[in-house]
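All remarks here apply to the structure that follows.
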Amino acid sequence: MQKPEKTLAEHPFFEGLASDLLKTIASCSVEANYKAGQIIYNEGDTANQFLLILDGKVAIEIFSAQRGSLTIKTIGSGDVLGWSWLFAPYRRRFDARALKKTSAIALDGKVLREKAEADHRLGYELLKRFSSVVVDRLNATSLQLLDIYGKHA
Amino acid sequence: MKAATKDVTMAIPHLVQQFTKETHDTFTLELVPSAGNAQFSFKAGQFNMLYLYGVGEVPISISGDPDDESKIAHTVRSYGAVTSRMMALKKEDWIGIRGPFGNHWPIEKLSGHDILLGAGGIGVAPLRPVLYYILSHREKYGKVALIYGERTPGDLIYRRQIEKWRGRFDLEIYVTVDSAREGWRGDVGVVTTLIPKTRIDPLKTVAFLCGPEIMMYYTIQEISKEGVTDDRIYISMERNMKCGSGFCGHCQVGPKFVCKHGPVFLFKDVKHLFWKREM
């Protein structure tokens, strides 16, 4: 296994991040592996972690009493899972389930929040990158809501 | 002696040879001309006006193999009064055809290029003839990828054929749906999320896009970010086509008649008209 800093540096989410910040982030990281079908987290769980997906496939789901679990997005290698750890009240908003055997780097969000408070350069980099994830998700959701392939497109 | 000219206003009766239900609201008709009428040939991207006797006429892209002159295939999604009634057609019913109309995807001229096909919803139908053509002349092209977005897994058309094509080593096929229930193992997300997976070489790639304009708009934005320039992107525009020959003006977009100058346009040439309000 290569050094965590190198793995993080190679992940698209942290592309171009300064090496001292990578080192700080790497100190909060551990390997995480999930079996196919394994629940990674459920809506309402405390959000103190996020994952950088290295390999595999994860479904982000929302549960509806009438319709059961609905997948709203799937993500895979090169993607990041979870941004609720960065925003109060630090609770998961969706369910996440591994669809295939999935390997990831798990980052301790609680520790990173404290480090980001102490070092605003780190905080800005994290916010900038996670804001982009949230904006992409918001844009995608708008298109999904438009039902562009439906009869009223 | 003056050669007989084809009367583009006259619908020629065709027999429904096969009716295939693709999804709950989409079906494919395989049609053969009535006795005495010449065999039909077309190029990928062209459309016909289909006339359901006593009901009305609609423009529908040809979705079959351009090399197969024995039948004409049309895949239809039941959207309006005419297409809803067409869903009740069965084998050996009659339907009128005028066409083929419009220009075509310039696939024959793109030998040596990589081809990216981007389809949204029923937009996969006008692109299927391109895939047939490419597969018949596979050695002429580099990498070929299809990205296809739909609403749900139940709305995917040509599912068996796509699964079969996906098994080929010389085609990359990526499918996504906007939402799915538990049990779907494929991708979920908007069609643009598939673009990074194709790892296109912008200098070698030519893109053909067909789907709702909003889908093409966002797809163009994403492939432009990858470096594909406007002179390498072709789109198929859809408008309210009536006469099919540029006479009536129903499908006019600025100076262009979609039925006559299109439906396939080089994006560079229509960029100023595309996604424009009050047009």
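Within each chain, counting starts at residue 1; across the structure tokens, chains are named A, B, ... in the order shown, with ligands numbered 1 upward in that order.
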
Set the cut-off to 12 Å and count only C-alpha atoms: what are the residues of chain A that reach chain B? Output as number ranges by chain. A: 12, 36-37, 56-64, 66-79, 97-100, 136-153

Would you save the residues from that selection as a tab-separated table (two decimals), in the first residue's frame, using C-alpha atoms?
chain	number	residue	atom	x	y	z
A	12	PRO	CA	-9.21	13.85	-8.43
A	36	ALA	CA	-21.50	-5.45	-2.23
A	37	GLY	CA	-24.84	-4.60	-0.66
A	56	GLY	CA	-16.30	0.18	-6.74
A	57	LYS	CA	-19.75	1.69	-6.91
A	58	VAL	CA	-21.99	3.32	-4.31
A	59	ALA	CA	-25.67	4.21	-4.52
A	60	ILE	CA	-26.99	7.30	-2.79
A	61	GLU	CA	-30.56	6.55	-1.86
A	62	ILE	CA	-33.57	8.23	-0.36
A	63	PHE	CA	-36.25	6.25	1.38
A	64	SER	CA	-39.92	6.78	0.75
A	66	GLN	CA	-44.66	4.33	-0.32
A	67	ARG	CA	-41.92	3.58	-2.85
A	68	GLY	CA	-39.10	2.08	-0.79
A	69	SER	CA	-35.49	2.98	-1.46
A	70	LEU	CA	-34.96	5.17	-4.53
A	71	THR	CA	-31.48	5.63	-5.94
A	72	ILE	CA	-30.88	9.25	-6.81
A	73	LYS	CA	-27.24	8.94	-7.82
A	74	THR	CA	-24.49	6.42	-8.17
A	75	ILE	CA	-20.84	7.26	-7.72
A	76	GLY	CA	-17.61	5.41	-8.29
A	77	SER	CA	-13.86	5.67	-8.62
A	78	GLY	CA	-12.66	9.26	-8.34
A	79	ASP	CA	-15.80	10.51	-6.60
A	97	ARG	CA	-25.04	1.57	-0.02
A	98	ALA	CA	-22.17	-0.21	-1.78
A	99	LEU	CA	-23.48	-1.75	-4.99
A	100	LYS	CA	-20.20	-3.54	-5.67
A	136	ASP	CA	-22.88	19.70	-9.14
A	137	ARG	CA	-25.43	17.76	-7.13
A	138	LEU	CA	-27.81	20.74	-7.12
A	139	ASN	CA	-27.51	21.14	-10.91
A	140	ALA	CA	-28.11	17.44	-11.44
A	141	THR	CA	-31.10	17.50	-9.12
A	142	SER	CA	-32.59	20.43	-11.06
A	143	LEU	CA	-32.33	18.43	-14.30
A	144	GLN	CA	-33.77	15.32	-12.66
A	145	LEU	CA	-36.68	17.38	-11.30
A	146	LEU	CA	-37.33	18.80	-14.77
A	147	ASP	CA	-37.99	15.26	-15.96
A	148	ILE	CA	-36.36	16.16	-19.28
A	149	TYR	CA	-37.26	12.88	-20.97
A	150	GLY	CA	-40.89	13.09	-19.88
A	151	LYS	CA	-43.86	14.17	-21.95
A	152	HIS	CA	-43.64	17.79	-20.82
A	153	ALA	CA	-39.97	18.33	-21.64

For the structure I just gave you, how does DSSP split chain A - specifically, which residues are strand (DSSP E)? Reply as number ranges by chain. A: 29-34, 39-41, 49-55, 57-64, 68-76, 80-81, 95-98, 102-108

Given the selection you just returned, output its residues as a file containing N, CA and C atoms, formatted as a compact mmCIF listing (two decimals), in the first residue's frame.
# COMPACT_ATOMS: atom_id res chain seq x y z
N SER A 29 -6.78 9.98 7.85
CA SER A 29 -7.37 9.02 6.91
C SER A 29 -7.10 7.57 7.31
N VAL A 30 -8.04 6.73 6.96
CA VAL A 30 -7.86 5.27 7.11
C VAL A 30 -8.45 4.60 5.86
N GLU A 31 -8.02 3.40 5.60
CA GLU A 31 -8.61 2.63 4.49
C GLU A 31 -9.99 2.14 4.90
N ALA A 32 -10.88 2.05 3.95
CA ALA A 32 -12.22 1.51 4.26
C ALA A 32 -12.64 0.61 3.09
N ASN A 33 -13.21 -0.51 3.42
CA ASN A 33 -13.67 -1.45 2.39
C ASN A 33 -15.08 -1.90 2.70
N TYR A 34 -15.88 -2.02 1.67
CA TYR A 34 -17.29 -2.41 1.83
C TYR A 34 -17.63 -3.54 0.87
N ILE A 39 -24.55 -1.48 3.73
CA ILE A 39 -24.95 -0.10 3.98
C ILE A 39 -23.75 0.66 4.54
N ILE A 40 -23.45 1.79 3.95
CA ILE A 40 -22.31 2.59 4.43
C ILE A 40 -22.78 3.55 5.52
N TYR A 41 -23.92 4.17 5.27
CA TYR A 41 -24.57 4.94 6.34
C TYR A 41 -26.04 5.12 5.99
N GLN A 49 -17.61 11.68 8.92
CA GLN A 49 -16.66 11.04 8.02
C GLN A 49 -17.06 11.31 6.57
N PHE A 50 -16.09 11.35 5.70
CA PHE A 50 -16.41 11.29 4.27
C PHE A 50 -15.45 10.32 3.59
N LEU A 51 -15.84 9.86 2.42
CA LEU A 51 -15.07 8.83 1.72
C LEU A 51 -14.59 9.33 0.36
N LEU A 52 -13.35 9.02 0.07
CA LEU A 52 -12.87 9.19 -1.31
C LEU A 52 -12.90 7.80 -1.93
N ILE A 53 -13.73 7.64 -2.94
CA ILE A 53 -13.89 6.31 -3.54
C ILE A 53 -12.69 6.01 -4.45
N LEU A 54 -12.07 4.89 -4.20
CA LEU A 54 -10.93 4.48 -5.04
C LEU A 54 -11.40 3.49 -6.11
N ASP A 55 -12.30 2.62 -5.71
CA ASP A 55 -12.78 1.60 -6.65
C ASP A 55 -14.14 1.10 -6.17
N LYS A 57 -18.57 0.90 -6.53
CA LYS A 57 -19.75 1.69 -6.91
C LYS A 57 -20.67 1.83 -5.70
N VAL A 58 -21.14 3.04 -5.48
CA VAL A 58 -21.99 3.32 -4.31
C VAL A 58 -23.27 4.01 -4.78
N ALA A 59 -24.39 3.57 -4.22
CA ALA A 59 -25.67 4.21 -4.52
C ALA A 59 -26.04 5.16 -3.39
N ILE A 60 -26.45 6.36 -3.77
CA ILE A 60 -26.99 7.30 -2.79
C ILE A 60 -28.50 7.20 -2.90
N GLU A 61 -29.14 6.89 -1.80
CA GLU A 61 -30.56 6.55 -1.86
C GLU A 61 -31.37 7.43 -0.91
N ILE A 62 -32.63 7.54 -1.25
CA ILE A 62 -33.57 8.23 -0.36
C ILE A 62 -34.72 7.26 -0.13
N PHE A 63 -35.20 7.22 1.08
CA PHE A 63 -36.25 6.25 1.38
C PHE A 63 -37.62 6.93 1.41
N SER A 64 -38.55 6.29 0.73
CA SER A 64 -39.92 6.78 0.75
C SER A 64 -40.80 5.62 1.23
N GLY A 68 -40.33 2.78 -1.20
CA GLY A 68 -39.10 2.08 -0.79
C GLY A 68 -37.87 2.92 -1.07
N SER A 69 -36.74 2.26 -1.22
CA SER A 69 -35.49 2.98 -1.46
C SER A 69 -35.38 3.38 -2.92
N LEU A 70 -35.14 4.67 -3.16
CA LEU A 70 -34.96 5.17 -4.53
C LEU A 70 -33.52 5.65 -4.67
N THR A 71 -32.86 5.17 -5.71
CA THR A 71 -31.48 5.63 -5.94
C THR A 71 -31.55 6.95 -6.69
N ILE A 72 -30.88 7.95 -6.14
CA ILE A 72 -30.88 9.25 -6.81
C ILE A 72 -29.57 9.53 -7.52
N LYS A 73 -28.54 8.77 -7.15
CA LYS A 73 -27.24 8.94 -7.82
C LYS A 73 -26.35 7.75 -7.50
N THR A 74 -25.53 7.40 -8.45
CA THR A 74 -24.49 6.42 -8.17
C THR A 74 -23.14 7.09 -8.38
N ILE A 75 -22.18 6.69 -7.57
CA ILE A 75 -20.84 7.26 -7.72
C ILE A 75 -19.82 6.13 -7.73
N GLY A 76 -18.64 6.45 -8.20
CA GLY A 76 -17.61 5.41 -8.29
C GLY A 76 -16.22 5.99 -8.15
N VAL A 80 -16.38 11.53 -4.51
CA VAL A 80 -16.35 11.70 -3.06
C VAL A 80 -17.75 11.44 -2.52
N LEU A 81 -17.81 10.78 -1.39
CA LEU A 81 -19.11 10.46 -0.79
C LEU A 81 -19.24 11.17 0.56
N ASP A 95 -29.23 7.79 2.42
CA ASP A 95 -28.60 6.51 2.70
C ASP A 95 -27.51 6.29 1.66
N ALA A 96 -26.49 5.55 2.02
CA ALA A 96 -25.45 5.16 1.04
C ALA A 96 -25.21 3.67 1.17
N ARG A 97 -25.19 3.03 0.00
CA ARG A 97 -25.04 1.57 -0.02
C ARG A 97 -24.04 1.18 -1.11
N ALA A 98 -23.12 0.28 -0.76
CA ALA A 98 -22.17 -0.21 -1.78
C ALA A 98 -22.91 -1.15 -2.71
N THR A 102 -16.37 -2.23 -2.69
CA THR A 102 -15.89 -0.85 -2.83
C THR A 102 -14.72 -0.59 -1.88
N SER A 103 -13.70 0.02 -2.41
CA SER A 103 -12.59 0.43 -1.54
C SER A 103 -12.50 1.95 -1.56
N ALA A 104 -12.15 2.50 -0.41
CA ALA A 104 -12.15 3.96 -0.27
C ALA A 104 -11.14 4.38 0.78
N ILE A 105 -10.90 5.69 0.82
CA ILE A 105 -10.15 6.28 1.92
C ILE A 105 -11.20 7.01 2.76
N ALA A 106 -11.27 6.68 4.03
CA ALA A 106 -12.23 7.35 4.92
C ALA A 106 -11.49 8.45 5.67
N LEU A 107 -12.09 9.63 5.71
CA LEU A 107 -11.45 10.75 6.39
C LEU A 107 -12.29 11.18 7.59
N ASP A 108 -11.60 11.44 8.66
CA ASP A 108 -12.28 11.79 9.91
C ASP A 108 -12.72 13.25 9.84

Would you mind listing what lies within 12 Å of Pro255 (chain B) as a list in words, with only C-alpha atoms counted and same-chain residues fewer than 2 positions away left out?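 So, after excluding close chain neighbours, the residues are Gly246, Gly249, Cys251, Gln252, Val253, Phe257, Val258, Lys260, His261, Gly262, Asp269, Val270, His272, Leu273 and Met279 of chain B.
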
Expected file: the selected residues, C-alpha atoms, as a tab-separated table (two decimals), in the first residue's frame:
chain	number	residue	atom	x	y	z
B	246	GLY	CA	-39.40	23.50	-46.19
B	249	GLY	CA	-42.55	27.08	-42.08
B	251	CYS	CA	-40.31	24.06	-38.13
B	252	GLN	CA	-38.53	27.33	-38.88
B	253	VAL	CA	-35.79	28.39	-36.48
B	257	PHE	CA	-36.03	25.03	-41.69
B	258	VAL	CA	-35.34	22.05	-39.48
B	260	LYS	CA	-35.02	20.78	-44.88
B	261	HIS	CA	-31.70	22.16	-43.61
B	262	GLY	CA	-31.70	19.73	-40.69
B	269	ASP	CA	-23.57	26.81	-37.48
B	270	VAL	CA	-26.59	26.97	-35.18
B	272	HIS	CA	-26.58	31.43	-32.20
B	273	LEU	CA	-30.03	29.84	-32.67
B	279	MET	CA	-37.32	31.80	-31.52

Do a neighbour search on Phe87 (chain A) at 10 Å with only C-alpha atoms, toss out local chain neighbours closer than 2 positions, and write the hits as a list in words. Ala47, Trp83, Ser84, Trp85, Pro89, Tyr90, Arg91, Arg113 and Leu127 of chain A

Could you list, as a PyMOL selection string, every residue within 12 Å of Glu117 (chain A), counting only C-alpha atoms and ignoring same-chain residues fewer than 5 positions away? chain A and resi 86+110-112+122-124+126-127

Give me every helix (DSSP H, G or I) residue in chain A, going by DSSP on the backbone, as a VMD selection string. chain A and resid 4 to 10 12 to 14 19 to 26 84 to 86 109 to 118 120 to 146

Might you pull out every residue within 9 Å of Thr24 (chain A), with only C-alpha atoms counted and same-chain residues fewer than 4 positions away left off, and present them as a PyMOL selection string? chain A and resi 5+19-20+28+112+115+122

Tyr217 (chain B) environment, 10 Å, only C-alpha atoms, sequence neighbours closer than 6 positions dropped, as a list in words: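 Non-adjacent residues within range: Leu209, Gly211, Ile235, Phe274 and Trp275 of chain B.
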
Could those selected residues go to a file with C-alpha atoms, as a PDB file, in the first residue's frame?
ATOM      1  CA  LEU B 209     -26.046  14.422 -29.918  1.00  0.00           C
ATOM      2  CA  GLY B 211     -32.289  14.315 -27.222  1.00  0.00           C
ATOM      3  CA  ILE B 235     -26.905  17.963 -32.978  1.00  0.00           C
ATOM      4  CA  PHE B 274     -29.701  27.092 -30.134  1.00  0.00           C
ATOM      5  CA  TRP B 275     -31.224  27.547 -26.733  1.00  0.00           C
TER       6      TRP B 275
END

What gap, in Å, lies between CA of Ile72 (chain B) and CA of Tyr51 (chain B)?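 Result for CA of Ile72 (chain B) versus CA of Tyr51 (chain B): 14.3 Å, one decimal.
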
Gap from CA of Leu31 (chain B) to CA of Ile97 (chain B) - Å, one decimal: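 Between these atoms lies a distance of 9.5 Å.
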
Nearest to Val133 (chain A), chosen from A:His11, A:Gly109, A:Lys35, A:Gly82, with only C-alpha atoms counted in the distances: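 Closest to Val133 (chain A) of all the choices is A:Gly82.
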
Between CA of Val82 (chain B) and CA of Gln161 (chain B), what is the spacing in Å? 27.1 Å
